[in-house]
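Structure data follow from input38.cif (mmCIF, C-alpha atoms and all ligand atoms):
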```cif
data_start
loop_
_atom_site.group_PDB
_atom_site.id
_atom_site.type_symbol
_atom_site.label_atom_id
_atom_site.label_comp_id
_atom_site.auth_asym_id
_atom_site.auth_seq_id
_atom_site.Cartn_x
_atom_site.Cartn_y
_atom_site.Cartn_z
ATOM 1 C CA MET A 1 -61.799 -51.735 143.863
ATOM 2 C CA ALA A 2 -59.663 -54.016 146.029
ATOM 3 C CA ALA A 3 -57.073 -51.260 146.349
ATOM 4 C CA LEU A 4 -59.765 -48.720 147.225
ATOM 5 C CA LEU A 5 -61.211 -51.059 149.868
ATOM 6 C CA CYS A 6 -57.754 -51.303 151.446
ATOM 7 C CA LYS A 7 -57.737 -47.471 151.772
ATOM 8 C CA PHE A 8 -54.030 -47.038 151.180
ATOM 9 C CA LYS A 9 -52.786 -43.715 152.484
ATOM 10 C CA SER A 10 -49.716 -41.625 151.945
ATOM 11 C CA GLY A 11 -46.572 -43.633 152.627
ATOM 12 C CA ASP A 12 -48.226 -47.079 152.641
ATOM 13 C CA GLU A 13 -46.298 -49.649 150.638
ATOM 14 C CA VAL A 14 -47.639 -52.527 148.555
ATOM 15 C CA ILE A 15 -45.436 -55.321 147.228
ATOM 16 C CA LEU A 16 -46.035 -56.632 143.708
ATOM 17 C CA PRO A 17 -44.173 -57.829 140.627
ATOM 18 C CA SER A 18 -43.098 -55.308 137.986
ATOM 19 C CA TYR A 19 -43.901 -57.867 135.287
ATOM 20 C CA THR A 20 -47.644 -57.141 135.047
ATOM 21 C CA PHE A 21 -50.218 -54.816 133.540
ATOM 22 C CA SER A 22 -50.685 -51.279 134.890
ATOM 23 C CA SER A 23 -54.097 -52.280 136.355
ATOM 24 C CA THR A 24 -52.324 -54.120 139.191
ATOM 25 C CA ALA A 25 -50.382 -51.043 140.293
ATOM 26 C CA THR A 26 -52.263 -47.948 139.328
ATOM 27 C CA LEU A 27 -54.926 -47.720 142.063
ATOM 28 C CA ILE A 28 -52.323 -48.151 144.789
ATOM 29 C CA LEU A 29 -51.362 -44.568 143.915
ATOM 30 C CA VAL A 30 -54.800 -43.157 144.797
ATOM 31 C CA GLY A 31 -54.384 -41.921 148.354
ATOM 32 C CA GLY A 32 -50.616 -41.846 148.030
ATOM 33 C CA GLY A 33 -49.536 -45.483 148.425
ATOM 34 C CA THR A 34 -46.248 -46.671 146.908
ATOM 35 C CA PRO A 35 -45.919 -49.796 144.750
ATOM 36 C CA VAL A 36 -42.740 -51.699 145.662
ATOM 37 C CA PHE A 37 -41.616 -54.166 143.017
ATOM 38 C CA VAL A 38 -39.730 -57.380 143.616
ATOM 39 C CA ASP A 39 -38.256 -59.714 141.044
ATOM 40 C CA ILE A 40 -40.048 -62.634 139.385
ATOM 41 C CA ARG A 41 -39.165 -66.320 139.108
ATOM 42 C CA PRO A 42 -37.928 -67.169 135.622
ATOM 43 C CA ASP A 43 -39.817 -70.495 135.496
ATOM 44 C CA THR A 44 -43.404 -69.248 136.011
ATOM 45 C CA MET A 45 -42.884 -65.473 135.541
ATOM 46 C CA ASN A 46 -44.685 -65.048 138.898
ATOM 47 C CA ILE A 47 -43.472 -62.989 141.846
ATOM 48 C CA ASP A 48 -40.535 -64.718 143.561
ATOM 49 C CA GLU A 49 -42.003 -65.696 146.931
ATOM 50 C CA ASN A 50 -38.499 -65.916 148.384
ATOM 51 C CA LYS A 51 -37.802 -62.247 147.673
ATOM 52 C CA ILE A 52 -40.946 -60.794 149.242
ATOM 53 C CA GLU A 53 -39.928 -60.779 152.882
ATOM 54 C CA ALA A 54 -36.793 -58.688 152.336
ATOM 55 C CA ALA A 55 -38.924 -55.956 150.761
ATOM 56 C CA ILE A 56 -41.238 -55.648 153.790
ATOM 57 C CA THR A 57 -40.871 -52.501 155.921
ATOM 58 C CA GLU A 58 -43.009 -51.112 158.779
ATOM 59 C CA LYS A 59 -44.975 -49.273 156.054
ATOM 60 C CA THR A 60 -45.935 -52.370 154.074
ATOM 61 C CA ARG A 61 -49.691 -53.005 154.022
ATOM 62 C CA ALA A 62 -50.333 -55.589 151.315
ATOM 63 C CA ILE A 63 -48.977 -58.015 148.748
ATOM 64 C CA PHE A 64 -50.501 -57.995 145.258
ATOM 65 C CA VAL A 65 -49.753 -61.280 143.536
ATOM 66 C CA VAL A 66 -50.282 -61.850 139.816
ATOM 67 C CA HIS A 67 -51.077 -65.389 138.635
ATOM 68 C CA TYR A 68 -49.348 -65.089 135.298
ATOM 69 C CA ALA A 69 -50.795 -67.113 132.406
ATOM 70 C CA GLY A 70 -53.327 -68.596 134.844
ATOM 71 C CA VAL A 71 -50.547 -70.418 136.716
ATOM 72 C CA ALA A 72 -50.673 -69.816 140.479
ATOM 73 C CA CYS A 73 -48.032 -68.120 142.572
ATOM 74 C CA GLU A 74 -46.584 -70.126 145.485
ATOM 75 C CA MET A 75 -49.521 -69.167 147.703
ATOM 76 C CA ASP A 76 -48.772 -71.224 150.836
ATOM 77 C CA LYS A 77 -45.504 -69.415 151.351
ATOM 78 C CA ILE A 78 -47.042 -66.019 150.506
ATOM 79 C CA LEU A 79 -49.996 -66.587 152.886
ATOM 80 C CA GLU A 80 -47.571 -67.514 155.625
ATOM 81 C CA ILE A 81 -45.524 -64.314 155.106
ATOM 82 C CA ALA A 82 -48.687 -62.197 155.026
ATOM 83 C CA ARG A 83 -49.991 -63.738 158.250
ATOM 84 C CA ARG A 84 -46.698 -63.161 160.053
ATOM 85 C CA HIS A 85 -46.518 -59.491 158.995
ATOM 86 C CA ASN A 86 -50.260 -58.763 159.137
ATOM 87 C CA LEU A 87 -50.538 -57.914 155.438
ATOM 88 C CA LYS A 88 -53.511 -58.142 153.092
ATOM 89 C CA ILE A 89 -53.244 -60.324 149.992
ATOM 90 C CA ILE A 90 -54.846 -59.245 146.750
ATOM 91 C CA GLU A 91 -54.774 -61.761 143.906
ATOM 92 C CA ASP A 92 -54.658 -60.422 140.391
ATOM 93 C CA ALA A 93 -56.340 -63.445 138.834
ATOM 94 C CA ALA A 94 -57.213 -61.546 135.644
ATOM 95 C CA GLN A 95 -55.785 -64.469 133.673
ATOM 96 C CA GLY A 96 -56.726 -67.143 136.200
ATOM 97 C CA VAL A 97 -60.462 -67.857 135.845
ATOM 98 C CA MET A 98 -60.925 -71.677 136.156
ATOM 99 C CA SER A 99 -57.344 -72.217 137.380
ATOM 100 C CA THR A 100 -56.545 -73.720 140.763
ATOM 101 C CA TYR A 101 -53.783 -73.934 143.357
ATOM 102 C CA LYS A 102 -54.004 -77.086 145.509
ATOM 103 C CA ASP A 103 -57.603 -77.435 144.270
ATOM 104 C CA LYS A 104 -58.576 -73.900 145.362
ATOM 105 C CA ALA A 105 -59.814 -71.531 142.677
ATOM 106 C CA LEU A 106 -57.429 -68.655 141.998
ATOM 107 C CA GLY A 107 -58.874 -65.428 143.315
ATOM 108 C CA THR A 108 -60.405 -67.130 146.377
ATOM 109 C CA ILE A 109 -57.204 -67.688 148.358
ATOM 110 C CA GLY A 110 -56.256 -64.159 149.491
ATOM 111 C CA ASP A 111 -58.357 -61.354 151.026
ATOM 112 C CA PHE A 112 -59.451 -60.150 147.599
ATOM 113 C CA GLY A 113 -59.339 -61.681 144.128
ATOM 114 C CA CYS A 114 -59.783 -59.927 140.786
ATOM 115 C CA TYR A 115 -60.934 -61.495 137.523
ATOM 116 C CA SER A 116 -60.883 -59.743 134.170
ATOM 117 C CA PHE A 117 -63.403 -60.262 131.403
ATOM 118 C CA HIS A 118 -61.524 -58.025 129.000
ATOM 119 C CA GLU A 119 -61.705 -59.179 125.401
ATOM 120 C CA THR A 120 -58.202 -60.701 125.625
ATOM 121 C CA LYS A 121 -59.124 -63.065 128.470
ATOM 122 C CA ASN A 122 -60.594 -66.592 128.459
ATOM 123 C CA TYR A 123 -64.121 -65.320 129.123
ATOM 124 C CA SER A 124 -65.007 -61.947 127.762
ATOM 125 C CA MET A 125 -67.665 -59.274 128.111
ATOM 126 C CA GLY A 126 -65.670 -56.724 126.131
ATOM 127 C CA GLU A 127 -64.650 -54.818 129.248
ATOM 128 C CA GLY A 128 -65.444 -55.835 132.800
ATOM 129 C CA GLY A 129 -64.435 -58.014 135.690
ATOM 130 C CA VAL A 130 -65.273 -59.485 139.067
ATOM 131 C CA LEU A 131 -64.047 -58.652 142.545
ATOM 132 C CA ILE A 132 -64.048 -61.607 144.931
ATOM 133 C CA ILE A 133 -64.198 -60.618 148.605
ATOM 134 C CA ASN A 134 -63.232 -63.169 151.232
ATOM 135 C CA ASN A 135 -64.248 -61.107 154.262
ATOM 136 C CA PRO A 136 -67.953 -60.088 154.155
ATOM 137 C CA GLU A 137 -67.181 -56.978 156.227
ATOM 138 C CA TYR A 138 -66.055 -55.340 153.005
ATOM 139 C CA ASN A 139 -69.217 -56.135 151.032
ATOM 140 C CA GLU A 140 -71.203 -53.049 151.973
ATOM 141 C CA ARG A 141 -68.480 -50.542 151.069
ATOM 142 C CA ALA A 142 -67.710 -52.441 147.854
ATOM 143 C CA GLU A 143 -71.329 -52.067 146.746
ATOM 144 C CA ILE A 144 -71.134 -48.333 147.425
ATOM 145 C CA LEU A 145 -67.826 -47.932 145.572
ATOM 146 C CA ARG A 146 -69.196 -49.544 142.439
ATOM 147 C CA GLU A 147 -72.419 -47.491 142.513
ATOM 148 C CA LYS A 148 -70.824 -44.033 142.258
ATOM 149 C CA GLY A 149 -70.651 -43.694 146.045
ATOM 150 C CA THR A 150 -74.349 -44.350 146.625
ATOM 151 C CA ASN A 151 -76.168 -46.988 148.686
ATOM 152 C CA ARG A 152 -78.353 -47.903 145.738
ATOM 153 C CA SER A 153 -77.680 -51.654 146.119
ATOM 154 C CA LYS A 154 -79.394 -51.582 149.523
ATOM 155 C CA PHE A 155 -82.308 -49.745 147.965
ATOM 156 C CA PHE A 156 -82.684 -52.392 145.247
ATOM 157 C CA ARG A 157 -82.886 -55.060 147.952
ATOM 158 C CA GLY A 158 -85.610 -53.087 149.719
ATOM 159 C CA GLN A 159 -83.446 -52.458 152.800
ATOM 160 C CA ILE A 160 -83.911 -48.664 152.593
ATOM 161 C CA ASP A 161 -86.760 -46.647 151.036
ATOM 162 C CA LYS A 162 -84.577 -44.215 149.058
ATOM 163 C CA TYR A 163 -80.930 -44.149 148.155
ATOM 164 C CA THR A 164 -78.401 -41.385 148.596
ATOM 165 C CA TRP A 165 -74.741 -40.428 148.085
ATOM 166 C CA VAL A 166 -72.714 -41.700 151.058
ATOM 167 C CA ASP A 167 -69.049 -42.174 150.086
ATOM 168 C CA VAL A 168 -66.493 -41.991 147.271
ATOM 169 C CA GLY A 169 -66.969 -44.331 144.337
ATOM 170 C CA ASP A 170 -67.025 -44.726 140.613
ATOM 171 C CA SER A 171 -69.031 -46.521 137.958
ATOM 172 C CA TYR A 172 -67.760 -50.107 138.132
ATOM 173 C CA LEU A 173 -70.963 -51.797 137.010
ATOM 174 C CA PRO A 174 -71.151 -53.734 133.773
ATOM 175 C CA SER A 175 -74.253 -53.227 131.651
ATOM 176 C CA GLU A 176 -76.893 -55.958 131.357
ATOM 177 C CA LEU A 177 -75.950 -56.336 127.693
ATOM 178 C CA ASN A 178 -72.319 -57.051 128.505
ATOM 179 C CA ALA A 179 -73.346 -59.404 131.304
ATOM 180 C CA ALA A 180 -75.596 -61.404 128.976
ATOM 181 C CA TYR A 181 -72.741 -61.803 126.494
ATOM 182 C CA LEU A 182 -70.511 -63.135 129.284
ATOM 183 C CA TRP A 183 -73.190 -65.392 130.792
ATOM 184 C CA ALA A 184 -73.459 -67.477 127.647
ATOM 185 C CA GLN A 185 -69.735 -68.196 127.888
ATOM 186 C CA LEU A 186 -69.853 -69.008 131.600
ATOM 187 C CA GLN A 187 -72.591 -71.567 130.919
ATOM 188 C CA ARG A 188 -70.086 -73.320 128.664
ATOM 189 C CA ALA A 189 -67.033 -72.578 130.784
ATOM 190 C CA ASP A 190 -65.782 -76.187 130.858
ATOM 191 C CA GLU A 191 -66.021 -76.580 127.104
ATOM 192 C CA ILE A 192 -64.072 -73.360 126.545
ATOM 193 C CA ASN A 193 -61.506 -74.346 129.157
ATOM 194 C CA ASN A 194 -60.987 -77.823 127.677
ATOM 195 C CA ASN A 195 -60.617 -76.437 124.174
ATOM 196 C CA ARG A 196 -57.934 -73.971 125.296
ATOM 197 C CA LEU A 197 -56.106 -76.670 127.283
ATOM 198 C CA ALA A 198 -56.090 -78.977 124.237
ATOM 199 C CA THR A 199 -54.532 -76.252 122.067
ATOM 200 C CA TRP A 200 -51.998 -75.515 124.801
ATOM 201 C CA GLN A 201 -51.076 -79.213 124.993
ATOM 202 C CA SER A 202 -50.721 -79.498 121.207
ATOM 203 C CA TYR A 203 -48.190 -76.675 121.250
ATOM 204 C CA TYR A 204 -46.377 -78.159 124.218
ATOM 205 C CA ASP A 205 -46.089 -81.639 122.706
ATOM 206 C CA ALA A 206 -44.970 -80.262 119.343
ATOM 207 C CA PHE A 207 -42.216 -78.042 120.749
ATOM 208 C CA LYS A 208 -40.864 -80.230 123.571
ATOM 209 C CA ASN A 209 -37.569 -80.910 121.856
ATOM 210 C CA LEU A 210 -36.931 -77.547 120.241
ATOM 211 C CA PRO A 211 -34.167 -75.199 121.409
ATOM 212 C CA CYS A 212 -36.600 -72.757 123.033
ATOM 213 C CA GLU A 213 -37.982 -72.691 126.569
ATOM 214 C CA LEU A 214 -41.582 -73.698 127.276
ATOM 215 C CA PRO A 215 -43.891 -72.766 130.174
ATOM 216 C CA LYS A 216 -43.522 -74.637 133.451
ATOM 217 C CA ILE A 217 -46.593 -75.683 135.440
ATOM 218 C CA PRO A 218 -45.787 -76.546 139.096
ATOM 219 C CA SER A 219 -47.422 -79.799 140.239
ATOM 220 C CA GLU A 220 -49.819 -78.082 142.701
ATOM 221 C CA CYS A 221 -51.223 -75.842 139.930
ATOM 222 C CA LYS A 222 -53.950 -76.558 137.397
ATOM 223 C CA HIS A 223 -53.955 -73.910 134.682
ATOM 224 C CA ASN A 224 -56.600 -72.805 132.207
ATOM 225 C CA GLY A 225 -54.750 -72.615 128.897
ATOM 226 C CA HIS A 226 -54.876 -68.825 129.041
ATOM 227 C CA MET A 227 -51.658 -68.420 127.166
ATOM 228 C CA PHE A 228 -48.924 -70.363 125.441
ATOM 229 C CA TYR A 229 -45.572 -68.671 125.356
ATOM 230 C CA ILE A 230 -42.098 -69.642 124.293
ATOM 231 C CA LYS A 231 -38.881 -68.024 125.388
ATOM 232 C CA LEU A 232 -36.254 -67.283 122.802
ATOM 233 C CA LYS A 233 -32.568 -66.725 123.514
ATOM 234 C CA ASN A 234 -32.760 -62.956 123.764
ATOM 235 C CA LEU A 235 -34.409 -59.832 122.393
ATOM 236 C CA GLU A 236 -32.559 -60.133 119.089
ATOM 237 C CA GLU A 237 -33.710 -63.699 118.406
ATOM 238 C CA ARG A 238 -37.255 -62.771 119.455
ATOM 239 C CA THR A 239 -37.370 -59.833 117.019
ATOM 240 C CA LYS A 240 -36.135 -62.118 114.245
ATOM 241 C CA PHE A 241 -38.739 -64.719 115.155
ATOM 242 C CA ILE A 242 -41.631 -62.205 115.182
ATOM 243 C CA ASP A 243 -40.644 -60.953 111.715
ATOM 244 C CA TYR A 244 -40.320 -64.524 110.427
ATOM 245 C CA MET A 245 -43.793 -65.529 111.704
ATOM 246 C CA LYS A 246 -45.303 -62.298 110.385
ATOM 247 C CA PHE A 247 -43.912 -63.080 106.931
ATOM 248 C CA TYR A 248 -45.974 -66.296 106.992
ATOM 249 C CA GLY A 249 -49.050 -64.473 108.274
ATOM 250 C CA VAL A 250 -48.842 -65.524 111.946
ATOM 251 C CA GLY A 251 -49.162 -62.708 114.448
ATOM 252 C CA CYS A 252 -47.200 -63.225 117.673
ATOM 253 C CA VAL A 253 -47.227 -60.687 120.485
ATOM 254 C CA PHE A 254 -45.199 -60.048 123.612
ATOM 255 C CA HIS A 255 -45.835 -58.215 126.887
ATOM 256 C CA TYR A 256 -45.236 -56.659 129.450
ATOM 257 C CA VAL A 257 -42.711 -53.890 129.390
ATOM 258 C CA PRO A 258 -41.848 -54.026 133.131
ATOM 259 C CA LEU A 259 -43.733 -51.359 135.085
ATOM 260 C CA HIS A 260 -40.633 -50.010 136.814
ATOM 261 C CA SER A 261 -39.298 -48.887 133.442
ATOM 262 C CA ALA A 262 -42.542 -47.044 132.512
ATOM 263 C CA PRO A 263 -42.880 -43.276 133.148
ATOM 264 C CA ALA A 264 -45.324 -43.701 136.088
ATOM 265 C CA GLY A 265 -43.212 -46.537 137.460
ATOM 266 C CA LYS A 266 -40.126 -44.347 137.546
ATOM 267 C CA LYS A 267 -42.013 -41.490 139.160
ATOM 268 C CA TYR A 268 -44.093 -43.252 141.830
ATOM 269 C CA CYS A 269 -42.605 -46.701 142.497
ATOM 270 C CA ARG A 270 -39.439 -48.399 143.580
ATOM 271 C CA PHE A 271 -37.855 -51.756 142.842
ATOM 272 C CA HIS A 272 -36.575 -53.584 145.898
ATOM 273 C CA GLY A 273 -33.456 -55.652 145.309
ATOM 274 C CA GLU A 274 -32.023 -56.490 141.957
ATOM 275 C CA ASP A 275 -33.861 -56.888 138.653
ATOM 276 C CA ILE A 276 -32.253 -60.180 137.689
ATOM 277 C CA PHE A 277 -35.106 -61.790 135.746
ATOM 278 C CA THR A 278 -37.921 -59.248 135.231
ATOM 279 C CA THR A 279 -36.430 -57.344 132.297
ATOM 280 C CA LYS A 280 -34.320 -60.165 130.902
ATOM 281 C CA GLU A 281 -37.145 -62.725 130.791
ATOM 282 C CA SER A 282 -39.737 -60.225 129.532
ATOM 283 C CA GLU A 283 -37.503 -59.507 126.537
ATOM 284 C CA ARG A 284 -37.389 -63.219 125.609
ATOM 285 C CA LEU A 285 -41.033 -64.139 126.009
ATOM 286 C CA LEU A 286 -43.419 -64.427 123.083
ATOM 287 C CA ARG A 287 -47.070 -65.492 122.939
ATOM 288 C CA LEU A 288 -48.431 -67.767 120.241
ATOM 289 C CA PRO A 289 -51.995 -67.547 118.866
ATOM 290 C CA LEU A 290 -54.347 -69.257 121.323
ATOM 291 C CA TYR A 291 -58.086 -68.748 121.382
ATOM 292 C CA TYR A 292 -61.258 -70.782 121.751
ATOM 293 C CA GLY A 293 -62.114 -72.651 118.568
ATOM 294 C CA ILE A 294 -58.817 -72.267 116.712
ATOM 295 C CA SER A 295 -59.049 -74.637 113.729
ATOM 296 C CA ASN A 296 -56.773 -77.649 113.400
ATOM 297 C CA ASP A 297 -55.473 -76.267 110.104
ATOM 298 C CA ASP A 298 -54.476 -72.982 111.686
ATOM 299 C CA LEU A 299 -52.978 -74.697 114.713
ATOM 300 C CA ASN A 300 -50.917 -77.061 112.565
ATOM 301 C CA PHE A 301 -49.797 -74.196 110.359
ATOM 302 C CA VAL A 302 -48.496 -72.273 113.389
ATOM 303 C CA ILE A 303 -46.749 -75.412 114.674
ATOM 304 C CA ASP A 304 -45.112 -76.256 111.326
ATOM 305 C CA THR A 305 -44.048 -72.677 110.655
ATOM 306 C CA LEU A 306 -42.541 -72.307 114.108
ATOM 307 C CA LYS A 307 -40.648 -75.603 113.848
ATOM 308 C CA LYS A 308 -39.050 -74.554 110.556
ATOM 309 C CA PHE A 309 -37.562 -71.483 112.270
ATOM 310 C CA PHE A 310 -35.429 -73.735 114.422
ATOM 311 C CA VAL A 311 -34.023 -76.050 111.712
HETATM 312 C C1 LIG A 401 -55.752 -58.177 131.594
HETATM 313 C C2 LIG A 401 -55.046 -57.995 132.871
HETATM 314 C C3 LIG A 401 -55.389 -56.990 133.751
HETATM 315 C C4 LIG A 401 -56.399 -55.935 133.411
HETATM 316 O O1 LIG A 401 -57.662 -56.333 133.334
HETATM 317 P P1 LIG A 401 -58.728 -55.217 132.960
HETATM 318 O O2 LIG A 401 -60.015 -55.964 132.956
HETATM 319 O O3 LIG A 401 -58.365 -54.674 131.607
HETATM 320 O O4 LIG A 401 -58.623 -54.183 134.017
HETATM 321 C C5 LIG A 401 -54.744 -56.903 134.963
HETATM 322 N N1 LIG A 401 -53.768 -57.751 135.292
HETATM 323 C C6 LIG A 401 -53.387 -58.724 134.468
HETATM 324 C C7 LIG A 401 -52.298 -59.655 134.900
HETATM 325 C C8 LIG A 401 -53.995 -58.864 133.224
HETATM 326 O O5 LIG A 401 -53.590 -59.833 132.391
#
```
Let me see whether you can do it: turn the structure in this file into C-alpha cells.
Ligand SMILES: *Cc1c(COP(=O)(O)O)cnc(C)c1O
Amino acid sequence: MAALLCKFKSGDEVILPSYTFSSTATLILVGGGTPVFVDIRPDTMNIDENKIEAAITEKTRAIFVVHYAGVACEMDKILEIARRHNLKIIEDAAQGVMSTYKDKALGTIGDFGCYSFHETKNYSMGEGGVLIINNPEYNERAEILREKGTNRSKFFRGQIDKYTWVDVGDSYLPSELNAAYLWAQLQRADEINNNRLATWQSYYDAFKNLPCELPKIPSECKHNGHMFYIKLKNLEERTKFIDYMKFYGVGCVFHYVPLHSAPAGKKYCRFHGEDIFTTKESERLLRLPLYYGISNDDLNFVIDTLKKFFV
C-alpha cells in the first residue's frame, strides 16, 4: 500500500537492500518503477547507509529500508540523505514491532511504516499487517486502496450517504476473526516481547565465546527478540551445521536468497555498486528456534547441541 500511495511511474527508481523478502520490492514494479539494490552492512544485515547516496539518480523517488531482525537501520543518516534529495522513506518494519531507534518506534520514523502480522512474526494474525502513515494527507487514498477502490470507509463514518467505486484498490482488510486473534496478543505485547528477549539473551550469553559470529545491536537500537541468528564460516559449514542439528531434531532455517539473484530481480531490478556482503553474509546466516513460550528444556537442548558442534 505504501508503494501504491507513492504512485511510482515508469522509470522511477527506489533504493532498497537486496537482502529482504519479495514483499519489499514487488509493488514498486506496479506502474513501472525500478528497484535499485545497494549492499548491506555485515554487522546488522541492514542497508549500508553509506552506500545509498551513490545510487541516487535524478529518477530516484524513495528509499525502502528494512529493519532486519527488528534492529533499526541508521535512520538519522538516511533521513538526512532523503531530506537533501527530496525522497520518501518507507520503513519495512515487518520484523520491528516493539523495537525502537533512539526511543522512536520503528515504522514511525519515515513517511510510511509497514508491520507484518504474518504467522512467522512476533505478533500474528495468520496473514495481515499495518500501514503507518506519517502524513495525514495520504489517509483518504489509503482507505480507498484497501477497500477495493471504494470510499466505503467514509460511508461507515457517516460522512457520505452511499459509497461508490472511485479509484484503484484491492482487498487489504483483515477479517474481524483475524483481528480478534491478534488483539489478544497485542494486549499482552510486553509479556511476549520480554519472553522473546529473554530467550534471545540466553542464546547470546551461551554462545559468546564460540567460534561463530553473533548479532550486533547498535547502542541507539532496542530490539524485540524477533530472531536469533549465528553466522558460520561459509555455506559449507552452514550446510554441515543444519544437517547436524537436524540429526538431533532441531530445525534451523536460513533466508533470504538475495532478491537480485531471483528471476524477477534479474528481469526488473539492478544492483548499484558491488555485492560485497549481501550474498556472502546471506550464505553464512542461520536462524535458531525462537518463539514465545519456548520451554527451558527445549532452549537448553538447543544450546547444548549447538555447543557440541564447535568442540
Ligand atoms: C515477513 C516480512 C515481510 C512480509 O510480510 P507479509 O505480511 O508476509 O507481507 C516483508 N519484509 C520483511 C523484512 C519480512 O520479514
Would you translate the PyMOL selection byres (((chain A and resi 12) around 7) and not hetatm) into the concrete set of residues it matches in this file, as a compact mmCIF listing (two decimals) with C-alpha atoms, in the coordinates of the input?
```
# COMPACT_ATOMS: atom_id res chain seq x y z
CA PHE A 8 -54.03 -47.04 151.18
CA LYS A 9 -52.79 -43.72 152.48
CA SER A 10 -49.72 -41.62 151.94
CA GLY A 11 -46.57 -43.63 152.63
CA GLU A 13 -46.30 -49.65 150.64
CA VAL A 14 -47.64 -52.53 148.56
CA GLY A 33 -49.54 -45.48 148.43
CA THR A 34 -46.25 -46.67 146.91
CA LYS A 59 -44.98 -49.27 156.05
CA THR A 60 -45.94 -52.37 154.07
CA ARG A 61 -49.69 -53.00 154.02
```
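Shortest separation to ligand LIG 401 (chain A) among A:Glu236, A:Asp103, A:Asp76, A:Glu127 occurs at residue A:Glu127, atoms counted being only C-alpha atoms and all ligand atoms.
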Checklist line | Residues within 8 Å of stretch 92-98 of chain A, all atoms listed in the file, excluding chain neighbours under 2 positions, as a PyMOL selection string | finding: chain A and resi 24+64-72+90+100+105-107+113-117+121-122+193+223-224+226
Just-selected residues, C-alpha atoms written as a PDB file, keeping the file's coordinate frame:
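The resulting file, result.pdb, is reproduced below:
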```pdb
ATOM      1  CA  THR A  24     -52.324 -54.120 139.191  1.00  0.00           C
ATOM      2  CA  PHE A  64     -50.501 -57.995 145.258  1.00  0.00           C
ATOM      3  CA  VAL A  65     -49.753 -61.280 143.536  1.00  0.00           C
ATOM      4  CA  VAL A  66     -50.282 -61.850 139.816  1.00  0.00           C
ATOM      5  CA  HIS A  67     -51.077 -65.389 138.635  1.00  0.00           C
ATOM      6  CA  TYR A  68     -49.348 -65.089 135.298  1.00  0.00           C
ATOM      7  CA  ALA A  69     -50.795 -67.113 132.406  1.00  0.00           C
ATOM      8  CA  GLY A  70     -53.327 -68.596 134.844  1.00  0.00           C
ATOM      9  CA  VAL A  71     -50.547 -70.418 136.716  1.00  0.00           C
ATOM     10  CA  ALA A  72     -50.673 -69.816 140.479  1.00  0.00           C
ATOM     11  CA  ILE A  90     -54.846 -59.245 146.750  1.00  0.00           C
ATOM     12  CA  THR A 100     -56.545 -73.720 140.763  1.00  0.00           C
ATOM     13  CA  ALA A 105     -59.814 -71.531 142.677  1.00  0.00           C
ATOM     14  CA  LEU A 106     -57.429 -68.655 141.998  1.00  0.00           C
ATOM     15  CA  GLY A 107     -58.874 -65.428 143.315  1.00  0.00           C
ATOM     16  CA  GLY A 113     -59.339 -61.681 144.128  1.00  0.00           C
ATOM     17  CA  CYS A 114     -59.783 -59.927 140.786  1.00  0.00           C
ATOM     18  CA  TYR A 115     -60.934 -61.495 137.523  1.00  0.00           C
ATOM     19  CA  SER A 116     -60.883 -59.743 134.170  1.00  0.00           C
ATOM     20  CA  PHE A 117     -63.403 -60.262 131.403  1.00  0.00           C
ATOM     21  CA  LYS A 121     -59.124 -63.065 128.470  1.00  0.00           C
ATOM     22  CA  ASN A 122     -60.594 -66.592 128.459  1.00  0.00           C
ATOM     23  CA  ASN A 193     -61.506 -74.346 129.157  1.00  0.00           C
ATOM     24  CA  HIS A 223     -53.955 -73.910 134.682  1.00  0.00           C
ATOM     25  CA  ASN A 224     -56.600 -72.805 132.207  1.00  0.00           C
ATOM     26  CA  HIS A 226     -54.876 -68.825 129.041  1.00  0.00           C
TER      27      HIS A 226
END
```
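Under the PyMOL selection byres (((chain A and resi 41-58) around 8) and not hetatm), the matching residues in the shown file are Ile15, Leu16, Pro17, Tyr19, Val36, Val38, Asp39, Ile40, Lys59, Thr60, Val65, Val66, His67, Tyr68, Val71, Ala72, Cys73, Glu74, Lys77, Ile78, Ile81, Pro215, Lys216, Ile217, His272, Gly273, Phe277, Thr278 and Glu281 of chain A.
For the atom pair formed by atom C4 of ligand LIG 401 (chain A) and atom CA of A:Ile89, the distance is 17.4 Å, given to one decimal.
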Item checked: Output check: residues returned by the PyMOL selection byres (((chain A and resi 270) around 8) and not hetatm), as a list in words ->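 Output from the PyMOL selection byres (((chain A and resi 270) around 8) and not hetatm), applied to this file: Thr34, Pro35, Val36, Phe37, His260, Gly265, Lys266, Tyr268, Cys269, Phe271 and His272 of chain A.
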